[in-house]
Amino acid sequence: MNCPRLVRLAMVALIPAAISLGIASVQAQTPAASPPATPAPAATPAPAPAAPPAPAASPSAAPSTPPAAAETPAAPPAVAPVQTADPFGDQITLTPKTVVIVRGTASWDSAFDTLIESFRSLSALLDKQGIKPAGNSMIVYTSTDDAGFTFLAEIPVEQDPKNLTKDMSIGKSPDGKALKFVHRGSYDNMDNTYEAITNHLDDKKLEAKDTFIEEYITDPLKTAEDKLVINVYVPLK
């Protein structure tokens, strides 16, 4: 807003009123003539002249005071995404996939290292033949005891690789009804997850088959062990 210009306009509007007041004061001080003449009707003060419009600013001339920018309302704070709980005991149906398989055995002390080597040998075979995995790596536990376990390391594929080693084969991943659980963290802490799974099965009085499946959502060959995300499937009878 151009305040100096408004002050000037207000002062111009007051000039006629000041002139009228000055004339009235002079008339009051002058003695009346005898006999008094019929007084002329009082002159109506002329209305104050309207202030002339301000000249349009030249397009090339910059305004002396830029107009105040309209305040932009502050954006509402971003709503943090709701962290949903991981599935725990959700019933699903596993769909069979074509997989390349390597069979192996491992002791509990070297379990994770053995699984990693199995995945590495399968990945090397696929890379050599230019075959990309069609899904996440999996481990199917076929038997366990106090000393260790036997397993099938599986990687889904859309075409059959060639030149398989004697411990490799092409087959199908498990299918059918199963319960889904999620483990986050290192393989060494899987015991806590499996203990929770066992308690869940007991509470729900559910019978599981003598096998279970781990699907590695994070690539175990590239992910730090404490950052692993593993879906655990427990097939039901």
# chains A, B, ... in the order shown; residues from 1 in each chain; ligands from 1
>>> residues_around(residues="Val182 of chain A", least_positions_apart="3", cutoff="8 Å", atoms="only C-alpha atoms", output="JSON, numbers by chain")
{"A": [86, 87, 88, 229, 230, 231, 232]}
>>> write_last_selection(atoms="N, CA and C atoms", output="compact mmCIF listing (two decimals), in the first residue's frame")
# COMPACT_ATOMS: atom_id res chain seq x y z
N ASP A 86 3.74 -57.44 10.74
CA ASP A 86 4.05 -58.55 9.84
C ASP A 86 3.03 -59.67 10.02
N PRO A 87 2.75 -60.41 8.95
CA PRO A 87 1.84 -61.55 9.09
C PRO A 87 2.38 -62.53 10.14
N PHE A 88 1.46 -63.04 10.95
CA PHE A 88 1.86 -64.03 11.94
C PHE A 88 0.75 -65.08 12.01
N VAL A 229 15.21 -60.48 5.75
CA VAL A 229 13.75 -60.60 5.90
C VAL A 229 13.37 -61.94 5.27
N ILE A 230 12.79 -62.83 6.08
CA ILE A 230 12.51 -64.20 5.64
C ILE A 230 11.06 -64.54 5.95
N ASN A 231 10.33 -64.96 4.91
CA ASN A 231 9.00 -65.50 5.14
C ASN A 231 9.15 -66.98 5.49
N VAL A 232 8.48 -67.38 6.55
CA VAL A 232 8.50 -68.80 6.98
C VAL A 232 7.11 -69.37 6.73
>>> residues_around(residues="Thr144 of chain A", least_positions_apart="4", cutoff="12 Å", atoms="only C-alpha atoms", output="ChimeraX atom specification")
/A:105-108,111,140,148-151,210-212
>>> select_by_dssp(residues="segment 78-159 of chain A", states="alpha helix (DSSP H)", output="count of residues only")
18
>>> select_by_dssp(residues="segment 80-194 of chain A", states="strand (DSSP E or B)", output="compact mmCIF listing (two decimals) with C-alpha atoms, in the first residue's frame")
# COMPACT_ATOMS: atom_id res chain seq x y z
CA PHE A 88 1.86 -64.03 11.94
CA GLY A 89 0.02 -67.25 11.29
CA ASP A 90 -1.93 -66.01 8.26
CA GLN A 91 -3.31 -68.92 6.25
CA ILE A 92 -2.33 -68.89 2.59
CA THR A 93 -2.18 -71.27 -0.35
CA LEU A 94 1.26 -71.89 -1.84
CA THR A 98 9.41 -74.49 -11.41
CA VAL A 99 12.68 -74.35 -9.51
CA VAL A 100 16.29 -75.41 -9.89
CA ILE A 101 17.27 -77.37 -6.80
CA VAL A 102 20.45 -78.32 -5.01
CA ARG A 103 20.32 -80.86 -2.18
CA GLY A 104 22.47 -80.52 0.90
CA THR A 105 23.08 -81.30 4.54
CA ALA A 106 24.34 -79.00 7.25
CA SER A 107 25.18 -78.95 10.93
CA SER A 137 15.39 -68.01 -3.14
CA MET A 138 13.95 -70.69 -0.85
CA ILE A 139 15.08 -73.34 1.58
CA VAL A 140 12.91 -76.41 2.12
CA TYR A 141 13.87 -78.34 5.25
CA THR A 142 13.26 -82.04 4.67
CA SER A 143 14.48 -83.42 7.99
CA THR A 144 16.10 -82.23 11.21
CA GLY A 148 21.79 -80.81 11.84
CA PHE A 149 19.36 -81.03 8.94
CA THR A 150 18.86 -81.90 5.28
CA PHE A 151 17.47 -79.34 2.89
CA LEU A 152 16.67 -78.32 -0.64
CA ALA A 153 17.92 -74.91 -1.80
CA GLU A 154 15.62 -73.70 -4.57
CA ILE A 155 15.53 -70.77 -7.00
CA PRO A 156 12.47 -70.27 -9.26
CA MET A 168 21.15 -80.50 -8.73
CA SER A 169 17.78 -81.07 -10.36
CA ILE A 170 14.71 -79.33 -11.75
CA GLY A 171 11.47 -79.67 -9.81
CA LYS A 172 8.51 -77.91 -8.26
CA GLY A 176 -0.96 -76.32 -0.69
CA LYS A 177 -2.29 -74.70 2.47
CA ALA A 178 0.25 -73.21 4.85
CA LEU A 179 0.65 -70.65 7.61
CA LYS A 180 2.79 -67.60 6.91
CA PHE A 181 5.14 -65.99 9.43
CA VAL A 182 7.87 -63.35 9.01
CA HIS A 183 11.34 -63.27 10.51
CA ARG A 184 13.50 -60.13 10.53
>>> residues_around(residues="Ile131 of chain A", least_positions_apart="2", cutoff="8 Å", atoms="only C-alpha atoms", output="mmCIF file with all heavy atoms, in the first residue's frame")
data_model
loop_
_atom_site.group_PDB
_atom_site.id
_atom_site.type_symbol
_atom_site.label_atom_id
_atom_site.label_comp_id
_atom_site.auth_asym_id
_atom_site.auth_seq_id
_atom_site.Cartn_x
_atom_site.Cartn_y
_atom_site.Cartn_z
ATOM 1 N N LEU A 126 23.060 -70.248 -12.963
ATOM 2 C CA LEU A 126 22.116 -69.441 -13.732
ATOM 3 C C LEU A 126 22.819 -68.279 -14.434
ATOM 4 O O LEU A 126 22.518 -67.969 -15.591
ATOM 5 C CB LEU A 126 21.007 -68.920 -12.811
ATOM 6 C CG LEU A 126 20.131 -69.989 -12.140
ATOM 7 C CD1 LEU A 126 19.075 -69.333 -11.249
ATOM 8 C CD2 LEU A 126 19.475 -70.895 -13.167
ATOM 9 N N ASP A 127 23.736 -67.612 -13.732
ATOM 10 C CA ASP A 127 24.457 -66.482 -14.332
ATOM 11 C C ASP A 127 25.251 -66.933 -15.557
ATOM 12 O O ASP A 127 25.306 -66.224 -16.571
ATOM 13 C CB ASP A 127 25.394 -65.839 -13.305
ATOM 14 C CG ASP A 127 24.637 -65.090 -12.222
ATOM 15 O OD1 ASP A 127 23.432 -64.800 -12.422
ATOM 16 O OD2 ASP A 127 25.243 -64.791 -11.168
ATOM 17 N N LYS A 128 25.879 -68.083 -15.476
ATOM 18 C CA LYS A 128 26.696 -68.593 -16.585
ATOM 19 C C LYS A 128 25.856 -68.836 -17.825
ATOM 20 O O LYS A 128 26.337 -68.670 -18.957
ATOM 21 C CB LYS A 128 27.404 -69.873 -16.141
ATOM 22 C CG LYS A 128 28.419 -70.395 -17.146
ATOM 23 C CD LYS A 128 29.157 -71.592 -16.582
ATOM 24 C CE LYS A 128 30.211 -72.107 -17.583
ATOM 25 N NZ LYS A 128 30.954 -73.279 -17.026
ATOM 26 N N GLN A 129 24.581 -69.199 -17.625
ATOM 27 C CA GLN A 129 23.705 -69.503 -18.760
ATOM 28 C C GLN A 129 22.760 -68.344 -19.082
ATOM 29 O O GLN A 129 21.880 -68.480 -19.935
ATOM 30 C CB GLN A 129 22.905 -70.780 -18.467
ATOM 31 C CG GLN A 129 23.804 -71.991 -18.246
ATOM 32 C CD GLN A 129 23.021 -73.269 -17.988
ATOM 33 O OE1 GLN A 129 21.937 -73.463 -18.532
ATOM 34 N NE2 GLN A 129 23.575 -74.153 -17.165
ATOM 35 N N PRO A 133 16.631 -65.365 -12.203
ATOM 36 C CA PRO A 133 15.661 -65.973 -11.284
ATOM 37 C C PRO A 133 14.263 -65.404 -11.511
ATOM 38 O O PRO A 133 14.098 -64.228 -11.826
ATOM 39 C CB PRO A 133 16.199 -65.601 -9.901
ATOM 40 C CG PRO A 133 17.653 -65.325 -10.113
ATOM 41 C CD PRO A 133 17.750 -64.730 -11.488
ATOM 42 N N VAL A 157 12.721 -70.513 -11.672
ATOM 43 C CA VAL A 157 13.205 -70.174 -13.014
ATOM 44 C C VAL A 157 12.053 -70.323 -14.001
ATOM 45 O O VAL A 157 11.071 -71.029 -13.741
ATOM 46 C CB VAL A 157 14.381 -71.079 -13.446
ATOM 47 C CG1 VAL A 157 15.624 -70.783 -12.631
ATOM 48 C CG2 VAL A 157 14.003 -72.558 -13.342
ATOM 49 N N GLN A 159 12.954 -70.984 -17.347
ATOM 50 C CA GLN A 159 13.506 -71.908 -18.325
ATOM 51 C C GLN A 159 14.480 -72.838 -17.617
ATOM 52 O O GLN A 159 15.130 -72.461 -16.645
ATOM 53 C CB GLN A 159 14.206 -71.159 -19.462
ATOM 54 C CG GLN A 159 15.434 -70.366 -19.039
ATOM 55 C CD GLN A 159 16.047 -69.591 -20.183
ATOM 56 O OE1 GLN A 159 15.781 -68.411 -20.378
ATOM 57 N NE2 GLN A 159 16.909 -70.267 -20.951
ATOM 58 N N PRO A 161 17.681 -74.719 -16.748
ATOM 59 C CA PRO A 161 19.124 -74.625 -17.010
ATOM 60 C C PRO A 161 19.694 -75.975 -17.421
ATOM 61 O O PRO A 161 19.109 -77.036 -17.149
ATOM 62 C CB PRO A 161 19.681 -74.158 -15.662
ATOM 63 C CG PRO A 161 18.693 -74.631 -14.654
ATOM 64 C CD PRO A 161 17.355 -74.601 -15.322
#
